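J.: Pasting a structure below so you can have a look.
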There are 2 protein chains.
Amino acid sequence: MGSTTRGRIDKRQAILEGAFTVFARQGYAQACVQEIAAEAGVAKPTVYNHLTDKATLFRHAMKASARTALEERLAALEPLAQPGDDLAAVLTDVGHALLRLHAGGRWCALRRLLYAEITHFPDLLEITDQYGPDRLNQALADRLARLTLAGRLRAADPDLAAEQFTSLLLGPLEARTRLGTRDLEDAELRELAESAVRTFLIAWG
Amino acid sequence: MGSTTRGRIDKRQAILEGAFTVFARQGYAQACVQEIAAEAGVAKPTVYNHLTDKATLFRHAMKASARTALEERLAALEPLAQPGDDLAAVLTDVGHALLRLHAGGRWCALRRLLYAEITHFPDLLEITDQYGPDRLNQALADRLARLTLAGRLRAADPDLAAEQFTSLLLGPLEARTRLGTRDLEDAELRELAESAVRTFLIAWG
DNA sequence: CAGAATTTGAACTCATGGGTTCAACATAGT
DNA sequence: ACTATGTTGAACCCATGAGTTCAAATTCTG
């Protein structure tokens, strides 16, 4: 009930990390609390001491991971704040970074878990609202609006432009990786980013 | 072992339909064979008579549904064979039809099930290869290639063009429906199709 | 219509895993 | 150094549901 010490915070953190790892590998239903405990390096009763039950554990683990995933993607947008002369090159770098993140095993697994459980866990709807694609699109739309005001783009509807930009990146990625089950070479990710930026700039540049 | 009569084929068909309905509603793990039997209007041992076990049932149900989903989407592309004078209008109609299909409850559920179980059921990889987004993109690419040869489009890379077209449609849809958990008004689907076609034709028209 | 095949309802076996208990041990705080 | 708190390993209880059994009923076939 009271504040927990750093050591105990670390244990809870280890449990959440271990939980996400096991949920990512096996899915919610097939993941055993005993395995999660083992992955976290604690005893099973300790898991229950920190998190009430398996479903609570899942919610917390997913929230922590979704937050981290969004933070990483928002960080990938930062070069757009100071794009310099070659906007196409910066957009391509940003696109490439977003593709790498999206293709990463951990975020593929997060996506699968979200799809798998979103109808069973109402919390995941809220998590998706707070940390999902809309948030990334909003941040990107802000950037595109600024670039439009600076005369660098012609995005009268920055929300639509942002949405189309991320779609041009992630749609092909998802199809080519068969829903995230296959890796792509980094060169292919780069080409994909280039193609997306080319189409985007023809339409909105 | 021998051929089954029409009545028996119908029973097996009812089982597969009932199975998909229950899997779609509850997910693989939470779906009970007893409930599937009830949905199909048969006794539980009858389910086991026709399909060996729950996993086999799941694979067959998913394959049947994925095939139907692809057939419906391929059918939605048919207007592109004879587009008439107003290609933008036909592309918009086709896009609108694809969005409606994609947003339909049944195919949302199929997608969720594919994401949820694709790492547990290798068959789903094959099903995705045979009936998944790539198939739709290939068929669309064929159409776009023909339209390019006819001087209607400038799609030197019809595969990429097709991929971008479906991405411009489905990416925004998936974000706006929060992974298929919310409905959109048909007017919004129409607007989405129009926006996608507008960008597509600027880039590839 | 008789025989074969399938389906049925109810009960059953069995495995699995969520969650709990508890005395002993380890760690943290005063 | 003592007390409080947290953790531990092992065993446990309990619910759930996959899959099976079986005699009787129903449906199908020739």
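Please note that chains go A, B, ... in the order of the structure tokens, that every chain numbers its residues from 1, and that ligands are numbered from 1 in the order shown.
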Please, which residues in chain B fall within 9 Å of chain C when counting only C-alpha atoms (C1' of nucleotides), and what is the closest atom pair and distance in Å to one decimal for each, ordered by chain then residue number, as a Markdown table?
T.:
| residue | atom | partner | partner_atom | distance |
| --- | --- | --- | --- | --- |
| B:Arg8 | CA | C:DT6 | C1' | 8.7 |
| B:Val42 | CA | C:DT7 | C1' | 8.2 |
| B:Ala43 | CA | C:DT8 | C1' | 6.4 |
| B:Pro45 | CA | C:DT7 | C1' | 8.2 |
| B:Thr46 | CA | C:DT7 | C1' | 6.5 |
J.: Would you kindly report the residues of chain D within 10 Å of chain A, using only C-alpha atoms (C1' of nucleotides), as a PyMOL selection string?
T.: chain D and resi 6-9
J.: Can you build me a table of chain D residues sitting at most 12 Å from stretch 13-30 of chain B, with the closest atom pair per residue and its distance in Å to one decimal, using only C-alpha atoms (C1' of nucleotides), sorted by chain and residue number, as JSON lines?
T.:
{"residue": "D:DT16", "atom": "C1'", "partner": "B:Gln30", "partner_atom": "CA", "distance": 10.8}
{"residue": "D:DG17", "atom": "C1'", "partner": "B:Gln30", "partner_atom": "CA", "distance": 9.7}
{"residue": "D:DA18", "atom": "C1'", "partner": "B:Ala29", "partner_atom": "CA", "distance": 11.3}
J.: In Å, with one decimal, what is the gap from atom CA of A:Val90 to atom CA of A:Leu184?
T.: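 Distance reported for this atom pair: 21.6 Å.
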J.: Find the residues of chain A that sit at most 9 Å from chain B; for each, write down the nearest two atoms and how far apart they are in Å, to one decimal. Count only C-alpha atoms. Sort by chain, then by number going up, and give it as JSON lines.
T.:
{"residue": "A:Arg25", "atom": "CA", "partner": "B:Thr119", "partner_atom": "CA", "distance": 8.5}
{"residue": "A:Gln26", "atom": "CA", "partner": "B:His120", "partner_atom": "CA", "distance": 7.8}
{"residue": "A:Gly27", "atom": "CA", "partner": "B:Ala116", "partner_atom": "CA", "distance": 7.4}
{"residue": "A:Ala29", "atom": "CA", "partner": "B:Ala29", "partner_atom": "CA", "distance": 6.5}
{"residue": "A:Gln30", "atom": "CA", "partner": "B:Ala29", "partner_atom": "CA", "distance": 8.3}
{"residue": "A:Arg111", "atom": "CA", "partner": "B:Tyr115", "partner_atom": "CA", "distance": 8.0}
{"residue": "A:Arg112", "atom": "CA", "partner": "B:Tyr115", "partner_atom": "CA", "distance": 5.0}
{"residue": "A:Leu113", "atom": "CA", "partner": "B:Ala116", "partner_atom": "CA", "distance": 6.5}
{"residue": "A:Leu114", "atom": "CA", "partner": "B:Leu179", "partner_atom": "CA", "distance": 8.3}
{"residue": "A:Tyr115", "atom": "CA", "partner": "B:Arg112", "partner_atom": "CA", "distance": 5.0}
{"residue": "A:Ala116", "atom": "CA", "partner": "B:Ala116", "partner_atom": "CA", "distance": 4.3}
{"residue": "A:Glu117", "atom": "CA", "partner": "B:Ala116", "partner_atom": "CA", "distance": 7.9}
{"residue": "A:Ile118", "atom": "CA", "partner": "B:Thr181", "partner_atom": "CA", "distance": 7.9}
{"residue": "A:Thr119", "atom": "CA", "partner": "B:Thr181", "partner_atom": "CA", "distance": 7.6}
{"residue": "A:His120", "atom": "CA", "partner": "B:Gln26", "partner_atom": "CA", "distance": 7.8}
{"residue": "A:Leu125", "atom": "CA", "partner": "B:Arg178", "partner_atom": "CA", "distance": 7.5}
{"residue": "A:Thr128", "atom": "CA", "partner": "B:Arg178", "partner_atom": "CA", "distance": 6.8}
{"residue": "A:Asp129", "atom": "CA", "partner": "B:Arg178", "partner_atom": "CA", "distance": 7.5}
{"residue": "A:Gly132", "atom": "CA", "partner": "B:Arg178", "partner_atom": "CA", "distance": 8.0}
{"residue": "A:Pro133", "atom": "CA", "partner": "B:Ala175", "partner_atom": "CA", "distance": 5.8}
{"residue": "A:Asp134", "atom": "CA", "partner": "B:Ala175", "partner_atom": "CA", "distance": 6.2}
{"residue": "A:Leu160", "atom": "CA", "partner": "B:Ser195", "partner_atom": "CA", "distance": 8.2}
{"residue": "A:Glu163", "atom": "CA", "partner": "B:Pro172", "partner_atom": "CA", "distance": 5.9}
{"residue": "A:Gln164", "atom": "CA", "partner": "B:Leu168", "partner_atom": "CA", "distance": 5.9}
{"residue": "A:Phe165", "atom": "CA", "partner": "B:Leu168", "partner_atom": "CA", "distance": 8.6}
{"residue": "A:Thr166", "atom": "CA", "partner": "B:Gly171", "partner_atom": "CA", "distance": 7.7}
{"residue": "A:Ser167", "atom": "CA", "partner": "B:Gly171", "partner_atom": "CA", "distance": 4.6}
{"residue": "A:Leu168", "atom": "CA", "partner": "B:Ser167", "partner_atom": "CA", "distance": 5.8}
{"residue": "A:Leu169", "atom": "CA", "partner": "B:Ser167", "partner_atom": "CA", "distance": 8.3}
{"residue": "A:Leu170", "atom": "CA", "partner": "B:Gly171", "partner_atom": "CA", "distance": 7.5}
{"residue": "A:Gly171", "atom": "CA", "partner": "B:Ser167", "partner_atom": "CA", "distance": 4.6}
{"residue": "A:Pro172", "atom": "CA", "partner": "B:Glu163", "partner_atom": "CA", "distance": 5.9}
{"residue": "A:Glu174", "atom": "CA", "partner": "B:Pro133", "partner_atom": "CA", "distance": 8.9}
{"residue": "A:Ala175", "atom": "CA", "partner": "B:Pro133", "partner_atom": "CA", "distance": 5.8}
{"residue": "A:Arg176", "atom": "CA", "partner": "B:Asp134", "partner_atom": "CA", "distance": 7.5}
{"residue": "A:Arg178", "atom": "CA", "partner": "B:Thr128", "partner_atom": "CA", "distance": 6.8}
{"residue": "A:Leu179", "atom": "CA", "partner": "B:Tyr115", "partner_atom": "CA", "distance": 6.8}
{"residue": "A:Gly180", "atom": "CA", "partner": "B:Tyr115", "partner_atom": "CA", "distance": 8.7}
{"residue": "A:Thr181", "atom": "CA", "partner": "B:Thr119", "partner_atom": "CA", "distance": 7.6}
{"residue": "A:Ser195", "atom": "CA", "partner": "B:Leu160", "partner_atom": "CA", "distance": 8.2}
{"residue": "A:Ala196", "atom": "CA", "partner": "B:Gln164", "partner_atom": "CA", "distance": 7.9}
{"residue": "A:Arg198", "atom": "CA", "partner": "B:Ala203", "partner_atom": "CA", "distance": 8.4}
{"residue": "A:Thr199", "atom": "CA", "partner": "B:Ala203", "partner_atom": "CA", "distance": 5.5}
{"residue": "A:Phe200", "atom": "CA", "partner": "B:Ala203", "partner_atom": "CA", "distance": 8.0}
{"residue": "A:Leu201", "atom": "CA", "partner": "B:Ala203", "partner_atom": "CA", "distance": 8.7}
{"residue": "A:Ile202", "atom": "CA", "partner": "B:Ala203", "partner_atom": "CA", "distance": 5.7}
{"residue": "A:Ala203", "atom": "CA", "partner": "B:Thr199", "partner_atom": "CA", "distance": 5.5}
{"residue": "A:Trp204", "atom": "CA", "partner": "B:Thr199", "partner_atom": "CA", "distance": 8.3}
J.: For stretch 80-87 of chain B, work out the shell of residues within 9 Å, counting only C-alpha atoms (C1' of nucleotides) and skipping chain neighbours fewer than 3 positions away, then give it as a PyMOL selection string.
T.: chain B and resi 76-77+90-92+94+140+143-144+146-147+152
J.: Would you mind reading off the distance between atom CA of B:Ile127 and atom CA of B:Leu51, one decimal, in Å?
T.: 18.3 Å
J.: Identify, with DSSP run on backbone atoms, the residues in stretch 61-118 of chain B assigned to alpha helix (DSSP H), and express the list as JSON, numbers by chain.
T.: {"B": [61, 62, 63, 64, 65, 66, 67, 68, 69, 70, 71, 72, 73, 74, 75, 76, 77, 87, 88, 89, 90, 91, 92, 93, 94, 95, 96, 97, 98, 99, 100, 101, 102, 103, 105, 106, 107, 108, 109, 110, 111, 112, 113, 114, 115, 116, 117]}
J.: Interatomic distance between atom CA of B:Leu57 and atom CA of B:Lys11?
T.: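 For atom CA of B:Leu57 relative to atom CA of B:Lys11, the distance reads 13.4 Å.
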